[in-house]
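K.L.:
I'm passing along work.cif; it holds mmCIF, C-alpha atoms.
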data_start
loop_
_atom_site.label_atom_id
_atom_site.label_comp_id
_atom_site.auth_asym_id
_atom_site.auth_seq_id
_atom_site.Cartn_x
_atom_site.Cartn_y
_atom_site.Cartn_z
CA MET X 1283 9.29 -19.87 10.13
CA GLU X 1284 8.38 -20.87 13.71
CA ARG X 1285 6.69 -18.03 15.58
CA LYS X 1286 5.74 -17.66 19.24
CA LEU X 1287 2.65 -15.91 20.58
CA LYS X 1288 4.62 -12.68 21.05
CA ASP X 1289 5.72 -12.81 17.41
CA TYR X 1290 2.11 -13.10 16.26
CA ALA X 1291 1.17 -10.11 18.41
CA VAL X 1292 3.92 -8.09 16.71
CA LEU X 1293 2.72 -9.35 13.34
CA MET X 1294 -0.79 -8.12 14.12
CA LEU X 1295 0.65 -4.70 15.00
CA LYS X 1296 2.42 -4.66 11.64
CA GLY X 1297 -0.91 -5.46 10.00
CA MET X 1298 -2.49 -2.55 11.86
CA GLY X 1299 0.21 -0.30 10.42
CA MET X 1300 -0.61 -1.54 6.92
CA GLY X 1301 -4.33 -0.98 7.53
CA ALA X 1302 -3.75 2.56 8.75
CA ALA X 1303 -1.75 3.33 5.61
CA ASP X 1304 -4.37 1.84 3.28
CA VAL X 1305 -7.02 4.15 4.75
CA VAL X 1306 -5.08 7.18 3.46
CA PRO X 1307 -5.46 7.76 -0.32
CA GLY X 1308 -1.92 8.01 -1.69
CA VAL X 1309 -0.19 5.83 0.94
CA SER X 1310 0.28 2.12 0.31
CA GLY X 1311 0.10 -0.71 2.81
CA GLY X 1312 2.85 -2.31 0.73
CA THR X 1313 5.17 0.49 1.87
CA ILE X 1314 4.56 -0.43 5.51
CA ALA X 1315 5.09 -4.14 4.73
CA PHE X 1316 8.48 -3.26 3.27
CA ILE X 1317 9.42 -1.10 6.27
CA VAL X 1318 8.59 -3.76 8.86
CA GLY X 1319 10.37 -6.54 6.96
CA ILE X 1320 7.46 -8.80 5.91
CA TYR X 1321 7.14 -7.89 2.23
CA ASP X 1322 8.74 -11.02 0.76
CA GLU X 1323 6.84 -13.33 3.09
CA LEU X 1324 3.58 -11.52 2.29
CA ILE X 1325 4.08 -11.90 -1.48
CA ASN X 1326 5.09 -15.56 -1.20
CA SER X 1327 2.17 -16.37 1.12
CA ILE X 1328 -0.34 -14.81 -1.28
CA LYS X 1329 1.34 -16.64 -4.18
CA SER X 1330 0.82 -19.97 -2.39
CA ILE X 1331 -2.97 -19.62 -2.74
CA ASN X 1332 -3.23 -21.54 -6.01
CA LEU X 1333 -4.94 -24.55 -7.56
CA GLU X 1334 -2.68 -26.95 -5.65
CA SER X 1335 -3.49 -25.45 -2.23
CA LEU X 1336 -7.19 -25.03 -3.08
CA LYS X 1337 -7.32 -28.72 -4.01
CA LEU X 1338 -6.13 -29.52 -0.47
CA PHE X 1339 -8.93 -27.35 0.94
CA PHE X 1340 -11.73 -28.83 -1.15
CA THR X 1341 -10.60 -32.41 -0.42
CA GLY X 1342 -10.83 -31.79 3.32
CA LYS X 1343 -7.08 -31.62 3.98
CA TRP X 1344 -7.48 -28.35 5.85
CA GLY X 1345 -4.38 -28.66 8.03
CA ALA X 1346 -2.18 -29.17 4.98
CA PHE X 1347 -3.95 -26.29 3.22
CA TRP X 1348 -3.39 -23.96 6.20
CA LYS X 1349 0.30 -24.84 6.33
CA LYS X 1350 0.68 -24.54 2.56
CA ILE X 1351 -0.63 -20.96 2.44
CA ASN X 1352 1.22 -19.88 5.64
CA GLY X 1353 -2.20 -19.47 7.23
CA ASN X 1354 -1.07 -18.25 10.67
CA PHE X 1355 0.91 -15.42 9.07
CA LEU X 1356 -1.97 -14.33 6.81
CA PHE X 1357 -4.56 -14.65 9.58
CA PHE X 1358 -2.80 -12.43 12.11
CA LEU X 1359 -1.70 -9.94 9.46
CA LEU X 1360 -5.22 -9.63 8.02
CA ALA X 1361 -6.67 -9.40 11.55
CA GLY X 1362 -4.39 -6.46 12.22
CA ILE X 1363 -5.34 -4.79 8.94
CA GLY X 1364 -9.05 -5.29 9.69
CA ILE X 1365 -8.77 -3.94 13.24
CA SER X 1366 -6.93 -0.87 11.98
CA VAL X 1367 -9.29 -0.14 9.10
CA PHE X 1368 -12.44 -0.38 11.21
CA SER X 1369 -11.02 1.43 14.24
CA LEU X 1370 -8.90 4.12 12.58
CA ALA X 1371 -10.81 4.83 9.37
CA LYS X 1372 -13.06 7.48 10.91
CA LEU X 1373 -10.20 9.07 12.90
CA ILE X 1374 -7.83 9.31 9.93
CA THR X 1375 -10.63 10.52 7.63
CA TRP X 1376 -11.46 13.24 10.17
CA LEU X 1377 -7.80 14.24 10.48
CA LEU X 1378 -7.43 14.40 6.68
CA VAL X 1379 -10.42 16.75 6.49
CA ASP X 1380 -9.64 18.95 9.52
CA HIS X 1381 -5.82 18.79 9.69
CA PRO X 1382 -4.65 17.72 6.21
CA ILE X 1383 -1.26 19.48 6.28
CA LEU X 1384 -0.23 17.81 9.53
CA VAL X 1385 -1.37 14.32 8.43
CA TRP X 1386 0.28 14.58 5.01
CA SER X 1387 3.49 15.88 6.64
CA PHE X 1388 3.74 12.78 8.82
CA PHE X 1389 3.21 10.47 5.85
CA PHE X 1390 5.63 12.49 3.71
CA GLY X 1391 8.38 11.82 6.26
CA LEU X 1392 7.34 8.19 6.47
CA VAL X 1393 7.43 7.59 2.70
CA LEU X 1394 10.70 9.56 2.30
CA ALA X 1395 12.40 7.40 4.93
CA SER X 1396 10.93 4.26 3.37
CA THR X 1397 12.46 5.23 0.03
CA TRP X 1398 15.86 5.57 1.66
CA PHE X 1399 15.75 2.27 3.55
CA VAL X 1400 14.47 0.23 0.59
CA SER X 1401 17.19 1.74 -1.62
CA LYS X 1402 19.80 0.47 0.88
CA ASP X 1403 18.83 -3.11 -0.01
CA ILE X 1404 19.89 -2.57 -3.62
CA LYS X 1405 23.36 -4.07 -4.11
CA GLU X 1406 24.19 -2.85 -7.63
CA TRP X 1407 23.59 0.89 -7.83
CA LYS X 1408 26.51 1.20 -10.24
CA SER X 1409 24.63 -0.78 -12.88
CA TRP X 1410 22.88 1.23 -15.62
CA LYS X 1411 20.02 -1.28 -15.54
CA THR X 1412 19.35 -0.40 -11.90
CA TRP X 1413 19.24 3.31 -12.65
CA ILE X 1414 16.93 2.85 -15.65
CA ALA X 1415 14.58 0.72 -13.51
CA PHE X 1416 14.66 3.39 -10.79
CA VAL X 1417 13.84 6.20 -13.24
CA ILE X 1418 11.01 4.15 -14.77
CA GLY X 1419 9.53 3.64 -11.31
CA VAL X 1420 9.75 7.37 -10.52
CA VAL X 1421 8.16 8.40 -13.83
CA ILE X 1422 5.27 5.89 -13.57
CA ALA X 1423 4.45 6.84 -9.96
CA PHE X 1424 4.70 10.57 -10.66
CA TYR X 1425 2.46 10.28 -13.71
CA ILE X 1426 -0.12 8.38 -11.67
CA THR X 1427 -0.16 11.14 -9.05
CA VAL X 1428 -0.81 13.89 -11.62
CA ALA X 1429 -3.18 11.98 -13.91
CA THR X 1430 -6.73 13.26 -14.16
CA PRO X 1431 -9.54 10.91 -13.06
CA ALA X 1432 -11.15 9.31 -16.09
CA GLU X 1433 -14.76 8.90 -17.16
CA THR X 1434 -15.21 5.12 -17.30
CA PRO X 1435 -18.06 2.61 -17.78
CA SER X 1436 -19.84 0.97 -14.84
CA ASN X 1437 -20.47 -2.47 -16.35
CA LEU X 1438 -19.52 -5.52 -14.30
CA LEU X 1439 -16.57 -6.48 -16.54
CA PHE X 1440 -14.92 -3.12 -15.92
CA ILE X 1441 -15.66 -3.38 -12.17
CA PHE X 1442 -13.89 -6.77 -12.22
CA VAL X 1443 -10.87 -5.19 -13.97
CA CYS X 1444 -10.86 -2.31 -11.44
CA GLY X 1445 -10.71 -4.81 -8.58
CA ALA X 1446 -7.78 -6.63 -10.16
CA ILE X 1447 -5.80 -3.43 -10.80
CA ALA X 1448 -6.52 -1.73 -7.48
CA ILE X 1449 -5.52 -4.72 -5.34
CA CYS X 1450 -2.22 -5.02 -7.24
CA ALA X 1451 -1.47 -1.38 -6.43
CA MET X 1452 -2.15 -2.00 -2.75
CA ILE X 1453 0.78 -4.43 -2.47
CA LEU X 1454 3.14 -2.17 -4.41
CA PRO X 1455 5.11 0.21 -2.17
CA GLY X 1456 4.36 3.84 -3.00
CA ILE X 1457 1.16 3.29 -4.97
CA SER X 1458 -2.24 3.48 -3.29
CA GLY X 1459 -5.01 1.16 -4.46
CA SER X 1460 -7.67 3.67 -3.42
CA PHE X 1461 -5.97 6.37 -5.48
CA ILE X 1462 -5.85 4.04 -8.50
CA LEU X 1463 -9.63 3.64 -8.15
CA VAL X 1464 -9.94 7.43 -8.18
CA LEU X 1465 -7.98 7.56 -11.46
CA LEU X 1466 -10.14 4.78 -12.91
CA GLY X 1467 -13.19 6.85 -12.01
CA LYS X 1468 -14.62 4.17 -9.75
CA TYR X 1469 -13.57 5.07 -6.18
CA PHE X 1470 -16.87 6.74 -5.28
CA PHE X 1471 -18.85 4.12 -7.23
CA ILE X 1472 -17.27 1.32 -5.17
CA MET X 1473 -17.66 3.26 -1.91
CA ASP X 1474 -21.36 3.78 -2.66
CA ALA X 1475 -21.72 0.06 -3.41
CA VAL X 1476 -20.25 -0.73 0.01
CA LYS X 1477 -22.50 1.80 1.78
CA THR X 1478 -25.66 0.55 0.04
CA LEU X 1479 -24.61 -3.12 0.28
CA ASP X 1480 -24.80 -3.65 -3.47
CA VAL X 1481 -23.86 -7.33 -3.27
CA VAL X 1482 -23.44 -7.87 -7.04
CA VAL X 1483 -20.93 -5.03 -7.44
CA MET X 1484 -19.05 -6.00 -4.27
CA VAL X 1485 -18.80 -9.68 -5.27
CA VAL X 1486 -17.59 -8.85 -8.80
CA PHE X 1487 -15.06 -6.36 -7.44
CA ALA X 1488 -13.85 -8.87 -4.82
CA ALA X 1489 -13.53 -11.57 -7.49
CA GLY X 1490 -11.35 -9.26 -9.57
CA ALA X 1491 -9.27 -8.47 -6.49
CA CYS X 1492 -8.75 -12.18 -5.72
CA ILE X 1493 -7.69 -12.99 -9.26
CA GLY X 1494 -5.52 -9.89 -9.46
CA ILE X 1495 -3.61 -10.34 -6.21
CA THR X 1496 -2.96 -14.09 -6.63
CA SER X 1497 -1.74 -13.58 -10.21
CA PHE X 1498 0.32 -10.46 -9.56
CA SER X 1499 1.95 -11.94 -6.44
CA ARG X 1500 3.48 -14.65 -8.65
CA ILE X 1501 4.99 -12.03 -10.94
CA LEU X 1502 6.36 -10.06 -7.98
CA SER X 1503 7.71 -13.17 -6.28
CA TYR X 1504 9.49 -14.27 -9.47
CA ALA X 1505 10.89 -10.77 -10.04
CA LEU X 1506 12.21 -10.50 -6.46
CA ALA X 1507 13.79 -13.96 -6.70
CA HIS X 1508 15.45 -13.55 -10.11
CA PHE X 1509 15.83 -9.79 -10.63
CA ARG X 1510 15.90 -8.51 -7.05
CA ASN X 1511 18.04 -5.39 -7.58
CA ILE X 1512 16.09 -4.20 -10.61
CA THR X 1513 12.75 -4.93 -8.90
CA LEU X 1514 13.80 -3.08 -5.75
CA ALA X 1515 14.98 -0.17 -7.91
CA VAL X 1516 11.54 0.06 -9.55
CA LEU X 1517 9.81 -0.12 -6.15
CA THR X 1518 12.14 2.55 -4.75
CA GLY X 1519 11.27 4.72 -7.74
CA PHE X 1520 7.57 4.14 -7.05
CA MET X 1521 7.99 5.46 -3.53
CA LEU X 1522 10.05 8.49 -4.56
CA GLY X 1523 7.61 9.38 -7.35
CA SER X 1524 4.64 9.03 -5.00
CA LEU X 1525 5.99 11.83 -2.77
CA ASN X 1526 4.25 14.21 -5.15
CA LYS X 1527 0.92 12.83 -3.93
CA VAL X 1528 1.73 13.16 -0.20
CA TRP X 1529 3.15 16.70 -0.39
CA PRO X 1530 1.33 18.46 2.48
CA TRP X 1531 0.49 21.82 0.89
CA LYS X 1532 -2.15 21.62 -1.84
CA GLU X 1533 -4.59 23.82 -3.71
CA VAL X 1534 -7.97 22.41 -4.77
CA VAL X 1535 -8.63 22.95 -8.49
CA GLU X 1536 -11.62 20.62 -8.97
CA THR X 1537 -14.31 19.39 -6.60
CA PHE X 1538 -17.16 16.89 -6.57
CA VAL X 1539 -20.39 16.47 -4.59
CA ASP X 1540 -20.53 13.21 -2.62
CA SER X 1541 -23.61 11.08 -1.88
CA HIS X 1542 -24.36 13.25 1.18
CA GLY X 1543 -24.36 16.47 -0.85
CA GLU X 1544 -21.01 17.64 0.57
CA VAL X 1545 -18.45 19.32 -1.69
CA LYS X 1546 -15.08 17.54 -1.53
CA PRO X 1547 -11.75 17.94 -3.41
CA LEU X 1548 -11.21 15.77 -6.50
CA VAL X 1549 -8.10 17.26 -8.19
CA GLU X 1550 -5.41 19.13 -6.24
CA HIS X 1551 -2.15 20.86 -7.20
CA ASN X 1552 0.89 21.17 -4.96
CA ILE X 1553 1.88 24.65 -3.76
CA LEU X 1554 4.71 26.12 -1.68
CA PRO X 1555 4.44 25.87 2.13
CA ASN X 1556 2.02 28.53 3.38
CA ALA X 1557 0.81 27.30 6.79
CA TYR X 1558 1.86 25.15 9.77
CA VAL X 1559 5.42 25.02 8.41
CA LEU X 1560 7.17 24.34 11.74
CA GLU X 1561 4.58 21.78 12.86
CA ALA X 1562 4.79 20.08 9.45
CA VAL X 1563 8.58 19.81 9.59
CA VAL X 1564 8.39 18.31 13.09
CA LEU X 1565 5.87 15.69 11.93
CA MET X 1566 8.00 14.88 8.87
CA VAL X 1567 10.92 14.21 11.21
CA VAL X 1568 8.69 12.08 13.46
CA GLY X 1569 7.52 10.05 10.45
CA PHE X 1570 11.11 9.61 9.27
CA PHE X 1571 12.41 8.40 12.63
CA LEU X 1572 9.41 6.13 13.14
CA VAL X 1573 10.47 4.27 9.99
CA TYR X 1574 14.08 4.24 11.28
CA PHE X 1575 12.89 2.69 14.55
CA LEU X 1576 10.71 0.09 12.80
CA GLU X 1577 13.53 -0.81 10.41
CA LYS X 1578 15.96 -1.37 13.27
CA LEU X 1579 13.35 -3.38 15.20
CA SER X 1580 12.70 -5.59 12.15
CA ALA X 1581 16.44 -6.08 11.67
CA LYS X 1582 16.83 -7.30 15.28
CA THR X 1583 13.84 -9.64 14.90
CA SER X 1584 15.25 -11.19 11.71
CA GLU X 1585 18.62 -11.81 13.41
CA ARG X 1586 17.07 -14.09 16.05
#
Using structure tokens, write down the structure that the file contains.

P.N.:
Amino acid sequence: MERKLKDYAVLMLKGMGMGAADVVPGVSGGTIAFIVGIYDELINSIKSINLESLKLFFTGKWGAFWKKINGNFLFFLLAGIGISVFSLAKLITWLLVDHPILVWSFFFGLVLASTWFVSKDIKEWKSWKTWIAFVIGVVIAFYITVATPAETPSNLLFIFVCGAIAICAMILPGISGSFILVLLGKYFFIMDAVKTLDVVVMVVFAAGACIGITSFSRILSYALAHFRNITLAVLTGFMLGSLNKVWPWKEVVETFVDSHGEVKPLVEHNILPNAYVLEAVVLMVVGFFLVYFLEKLSAKTSER
């Protein structure tokens, strides 16, 4: 796909949207990639990083390597993600602490609209296979959102496995990689490793992430190419089931003390709306129509 400078600027903005979503536990950057129409290209670009392309790199054929892995696409997308994570992380974290209902309301509307628009791409809703795949996706995502964080080992092999699993979740719409780390009992362990610059843990985790994402992208790419309707049904189910996690009104039932000695929520249960109801509904609508706008914008771009 030939892109102009303006197209790469738009691509970077899409990456910033993915980065903003990844900062929020419970919201997936993969959902944003689906909304803005780059999901298939993202999966296929990641899949192209394999032994064949790496051979080109290590033999000095860097131009061929860059073209093989769709380097321009990955570079501008990752640049956008990086800019967003480093510039918005503190803001979104502050909003989640001080105005959680309003933030979760916006993302609830966003994920709800995403579920609707992804479901529209499914061509065979009358098939029982599609419905079974959809239900499976809903059940898996819902179970993940209500599962209790586990007590797990901290050896390097398990850290490697955590990296592989978490990165796979990040490219699945509706499932947050950071939330998967919470369930695996290693979110705070990895965050502490980053803060203290524990190079060994970070390298092992990154190695697991590299292996995980390059392997899983092949599975996803094959599934989308050969079983597109069933795959989209599962992904739609993931997004619908994940709404349980982004429900704005919650009650804290279990807490933890972070590395700074602050008490923070660990396990929360959903409750009926009890505050900021009107503001929350408005932000849900804003989130919904933002997805509508992005979907229409992506549709116009793809028609050119």

K.L.:
For a cutoff of 6 Å around the file-coordinate point (8.5, 13.0, 9.6), which residues qualify once you count only C-alpha atoms? I'd like the result as a list in words.

P.N.:
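Here is the list of nearby residues: Phe1388, Gly1391, Leu1392, Leu1565, Met1566, Val1567, Val1568, Gly1569 and Phe1570 of chain X.
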
K.L.:
Can you spell out as a list in words the set of residues that the PyMOL selection byres ((chain X and resi 1451) around 10) selects in the structure I just provided?

P.N.:
Ser1310, Gly1311, Gly1312, Ala1446, Ile1447, Ala1448, Ile1449, Cys1450, Met1452, Ile1453, Leu1454, Pro1455, Gly1456, Ile1457, Ser1458, Gly1459, Ser1460, Phe1461, Ile1462, Leu1463, Gly1494, Ile1495 and Phe1498 of chain X

K.L.:
What does the structure give for the distance between atom CA of X:Phe1368 and atom CA of X:Thr1496, in Å to one decimal?

P.N.:
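If I compute the distance from atom CA of X:Phe1368 to atom CA of X:Thr1496, I get 24.4 Å.
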
K.L.:
Could you tell me which of X:Arg1500, X:Val1305, X:Trp1410, X:Ala1475 comes closest to X:Leu1324 if we count all atoms listed in the file?

P.N.:
X:Arg1500

K.L.:
Considering only C-alpha atoms, state which residue in the set X:Gly1490, X:Gly1319, X:Pro1382, X:Gly1519 is at the smallest distance from X:Phe1424.

P.N.:
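The closest residue to X:Phe1424 is X:Gly1519.
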
K.L.:
Using the chain letters and numbers from this file, what does the PyMOL selection byres ((chain X and resi 1406) around 12) select? Give the answer as a list in words.

P.N.:
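Checking the PyMOL selection byres ((chain X and resi 1406) around 12) against this file, the residues are Ser1401, Lys1402, Asp1403, Ile1404, Lys1405, Trp1407, Lys1408, Ser1409, Trp1410, Lys1411, Thr1412, Trp1413, Ala1415, Phe1416, Phe1509, Arg1510, Asn1511, Ile1512, Thr1513, Leu1514 and Ala1515 of chain X.
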
K.L.:
Step by step, work through what the PyMOL selection byres ((chain X and resi 1366) around 10) selects in the shown file, and finish by giving those residues as a list in words.

P.N.:
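This file gives the following for the PyMOL selection byres ((chain X and resi 1366) around 10): Met1294, Leu1295, Gly1297, Met1298, Gly1299, Met1300, Gly1301, Ala1302, Ala1303, Asp1304, Val1305, Leu1360, Ala1361, Gly1362, Ile1363, Gly1364, Ile1365, Val1367, Phe1368, Ser1369, Leu1370 and Ala1371 of chain X.
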
K.L.:
Pick out the closest residue to X:Ala1491 from this set: X:Phe1442, X:Phe1471, X:Phe1357, X:Trp1531. Count all atoms listed in the file.

P.N.:
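Answer, going by the shortest atom-to-atom distance: X:Phe1442.
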
K.L.:
For X:Leu1338, which residue out of X:Val1292, X:Val1464, X:Ile1351, X:Leu1554 is the nearest one, using all atoms listed in the file?

P.N.:
X:Ile1351

K.L.:
Put the listed atoms of stretch 1468-1486 of chain X in a box along x, y and z with 4 Å added on every side and give me the centre and edge lengths in Å to one decimal, as lines of an AutoDock Vina configuration file.

P.N.:
center_x = -19.6
center_y = -1.5
center_z = -4.0
size_x = 20.1
size_y = 24.4
size_z = 19.5

K.L.:
Interatomic distance between atom CA of X:Leu1394 and atom CA of X:Asn1526?

P.N.:
10.9 Å

K.L.:
Residues at most 12 Å from X:Glu1561, counting all atoms listed in the file, excluding those fewer than 2 positions away in the same chain, as a PDB file with C-alpha atoms, in the coordinates of the input?

P.N.:
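See result_12.pdb below for the written result:
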ATOM      1  CA  HIS X1381      -5.820  18.790   9.690  1.00  0.00           C
ATOM      2  CA  ILE X1383      -1.260  19.480   6.280  1.00  0.00           C
ATOM      3  CA  LEU X1384      -0.230  17.810   9.530  1.00  0.00           C
ATOM      4  CA  VAL X1385      -1.370  14.320   8.430  1.00  0.00           C
ATOM      5  CA  TRP X1386       0.280  14.580   5.010  1.00  0.00           C
ATOM      6  CA  SER X1387       3.490  15.880   6.640  1.00  0.00           C
ATOM      7  CA  PHE X1388       3.740  12.780   8.820  1.00  0.00           C
ATOM      8  CA  PRO X1530       1.330  18.460   2.480  1.00  0.00           C
ATOM      9  CA  PRO X1555       4.440  25.870   2.130  1.00  0.00           C
ATOM     10  CA  ASN X1556       2.020  28.530   3.380  1.00  0.00           C
ATOM     11  CA  ALA X1557       0.810  27.300   6.790  1.00  0.00           C
ATOM     12  CA  TYR X1558       1.860  25.150   9.770  1.00  0.00           C
ATOM     13  CA  VAL X1559       5.420  25.020   8.410  1.00  0.00           C
ATOM     14  CA  VAL X1563       8.580  19.810   9.590  1.00  0.00           C
ATOM     15  CA  VAL X1564       8.390  18.310  13.090  1.00  0.00           C
ATOM     16  CA  LEU X1565       5.870  15.690  11.930  1.00  0.00           C
ATOM     17  CA  MET X1566       8.000  14.880   8.870  1.00  0.00           C
ATOM     18  CA  VAL X1567      10.920  14.210  11.210  1.00  0.00           C
ATOM     19  CA  VAL X1568       8.690  12.080  13.460  1.00  0.00           C
TER      20      VAL X1568
END

K.L.:
Taking into account all atoms listed in the file, which residue in the set X:Leu1287, X:Leu1378, X:Ala1395, X:Leu1560 is nearest to X:Met1521?

P.N.:
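Among X:Leu1287, X:Leu1378, X:Ala1395, X:Leu1560, it is X:Ala1395 that comes nearest to X:Met1521.
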
K.L.:
Just how far from atom CA of X:Asn1437 is atom CA of X:Ala1489, in Å to one decimal?

P.N.:
14.5 Å

K.L.:
Considering all atoms listed in the file, can you say which of X:Val1400, X:Val1420, X:Ile1320, X:Val1379 comes closest to X:Leu1522?

P.N.:
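Looking only at the distances to X:Leu1522, the closest residue turns out to be X:Val1420.
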
K.L.:
If we count all atoms listed in the file and set the cut-off at 8 Å, which residues sit around X:Ile1325, ignoring sequence neighbours fewer than 4 positions away in its own chain? Please answer as a VMD selection string.

P.N.:
chain X and resid 1321 1329 1499 to 1500 1502 to 1503

K.L.:
Okay, now the selection with C-alpha atoms, as a short mmCIF file (atom, residue, chain, number, x, y, z; two decimals), in the coordinates of the input?

P.N.:
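What landed in part_26.cif:
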data_model
loop_
_atom_site.label_atom_id
_atom_site.label_comp_id
_atom_site.auth_asym_id
_atom_site.auth_seq_id
_atom_site.Cartn_x
_atom_site.Cartn_y
_atom_site.Cartn_z
CA TYR X 1321 7.14 -7.89 2.23
CA LYS X 1329 1.34 -16.64 -4.18
CA SER X 1499 1.95 -11.94 -6.44
CA ARG X 1500 3.48 -14.65 -8.65
CA LEU X 1502 6.36 -10.06 -7.98
CA SER X 1503 7.71 -13.17 -6.28
#

K.L.:
Please identify all polymer residues lying at most 12 Å from the point (1.3, -25.1, 6.5) (file coordinates), using all atoms listed in the file, and present the result as number ranges by chain.

P.N.:
X: 1283-1284, 1327, 1330-1331, 1335, 1338-1339, 1343-1356

K.L.:
Write a file for stretch 1363-1381 of chain X, containing N, CA and C atoms (output as a PDB file, in the first residue's frame).

P.N.:
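And here's decode.pdb as it stands now:
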ATOM      1  N   ILE X1363       2.096   5.082  19.233  1.00  0.00           N
ATOM      2  CA  ILE X1363       1.844   4.387  20.500  1.00  0.00           C
ATOM      3  C   ILE X1363       2.785   4.906  21.577  1.00  0.00           C
ATOM      4  N   GLY X1364       4.079   5.041  21.239  1.00  0.00           N
ATOM      5  CA  GLY X1364       5.064   5.515  22.206  1.00  0.00           C
ATOM      6  C   GLY X1364       4.777   6.922  22.682  1.00  0.00           C
ATOM      7  N   ILE X1365       4.451   7.810  21.743  1.00  0.00           N
ATOM      8  CA  ILE X1365       4.133   9.201  22.092  1.00  0.00           C
ATOM      9  C   ILE X1365       2.950   9.240  23.060  1.00  0.00           C
ATOM     10  N   SER X1366       1.941   8.450  22.751  1.00  0.00           N
ATOM     11  CA  SER X1366       0.729   8.445  23.575  1.00  0.00           C
ATOM     12  C   SER X1366       0.998   7.899  24.972  1.00  0.00           C
ATOM     13  N   VAL X1367       1.721   6.786  25.036  1.00  0.00           N
ATOM     14  CA  VAL X1367       1.991   6.163  26.335  1.00  0.00           C
ATOM     15  C   VAL X1367       2.776   7.112  27.245  1.00  0.00           C
ATOM     16  N   PHE X1368       3.820   7.728  26.686  1.00  0.00           N
ATOM     17  CA  PHE X1368       4.672   8.587  27.520  1.00  0.00           C
ATOM     18  C   PHE X1368       4.034   9.940  27.830  1.00  0.00           C
ATOM     19  N   SER X1369       3.148  10.407  26.960  1.00  0.00           N
ATOM     20  CA  SER X1369       2.547  11.724  27.192  1.00  0.00           C
ATOM     21  C   SER X1369       1.213  11.649  27.928  1.00  0.00           C
ATOM     22  N   LEU X1370       0.485  10.546  27.740  1.00  0.00           N
ATOM     23  CA  LEU X1370      -0.855  10.444  28.325  1.00  0.00           C
ATOM     24  C   LEU X1370      -0.932   9.540  29.547  1.00  0.00           C
ATOM     25  N   ALA X1371       0.117   8.758  29.790  1.00  0.00           N
ATOM     26  CA  ALA X1371       0.056   7.788  30.888  1.00  0.00           C
ATOM     27  C   ALA X1371      -0.283   8.451  32.219  1.00  0.00           C
ATOM     28  N   LYS X1372       0.437   9.531  32.538  1.00  0.00           N
ATOM     29  CA  LYS X1372       0.203  10.202  33.823  1.00  0.00           C
ATOM     30  C   LYS X1372      -1.184  10.823  33.888  1.00  0.00           C
ATOM     31  N   LEU X1373      -1.627  11.433  32.751  1.00  0.00           N
ATOM     32  CA  LEU X1373      -2.941  12.076  32.719  1.00  0.00           C
ATOM     33  C   LEU X1373      -4.064  11.056  32.913  1.00  0.00           C
ATOM     34  N   ILE X1374      -3.987   9.943  32.154  1.00  0.00           N
ATOM     35  CA  ILE X1374      -5.045   8.940  32.235  1.00  0.00           C
ATOM     36  C   ILE X1374      -5.024   8.252  33.598  1.00  0.00           C
ATOM     37  N   THR X1375      -3.821   8.000  34.134  1.00  0.00           N
ATOM     38  CA  THR X1375      -3.722   7.402  35.469  1.00  0.00           C
ATOM     39  C   THR X1375      -4.366   8.312  36.511  1.00  0.00           C
ATOM     40  N   TRP X1376      -4.090   9.630  36.398  1.00  0.00           N
ATOM     41  CA  TRP X1376      -4.688  10.595  37.324  1.00  0.00           C
ATOM     42  C   TRP X1376      -6.206  10.621  37.193  1.00  0.00           C
ATOM     43  N   LEU X1377      -6.704  10.595  35.957  1.00  0.00           N
ATOM     44  CA  LEU X1377      -8.151  10.604  35.728  1.00  0.00           C
ATOM     45  C   LEU X1377      -8.805   9.338  36.283  1.00  0.00           C
ATOM     46  N   LEU X1378      -8.126   8.196  36.130  1.00  0.00           N
ATOM     47  CA  LEU X1378      -8.680   6.934  36.640  1.00  0.00           C
ATOM     48  C   LEU X1378      -8.769   6.949  38.162  1.00  0.00           C
ATOM     49  N   VAL X1379      -7.838   7.638  38.810  1.00  0.00           N
ATOM     50  CA  VAL X1379      -7.841   7.712  40.273  1.00  0.00           C
ATOM     51  C   VAL X1379      -8.851   8.742  40.768  1.00  0.00           C
ATOM     52  N   ASP X1380      -8.888   9.926  40.119  1.00  0.00           N
ATOM     53  CA  ASP X1380      -9.714  11.034  40.613  1.00  0.00           C
ATOM     54  C   ASP X1380     -11.119  11.088  40.000  1.00  0.00           C
ATOM     55  N   HIS X1381     -11.271  10.583  38.777  1.00  0.00           N
ATOM     56  CA  HIS X1381     -12.582  10.623  38.106  1.00  0.00           C
ATOM     57  C   HIS X1381     -12.860   9.287  37.414  1.00  0.00           C
TER      58      HIS X1381
END
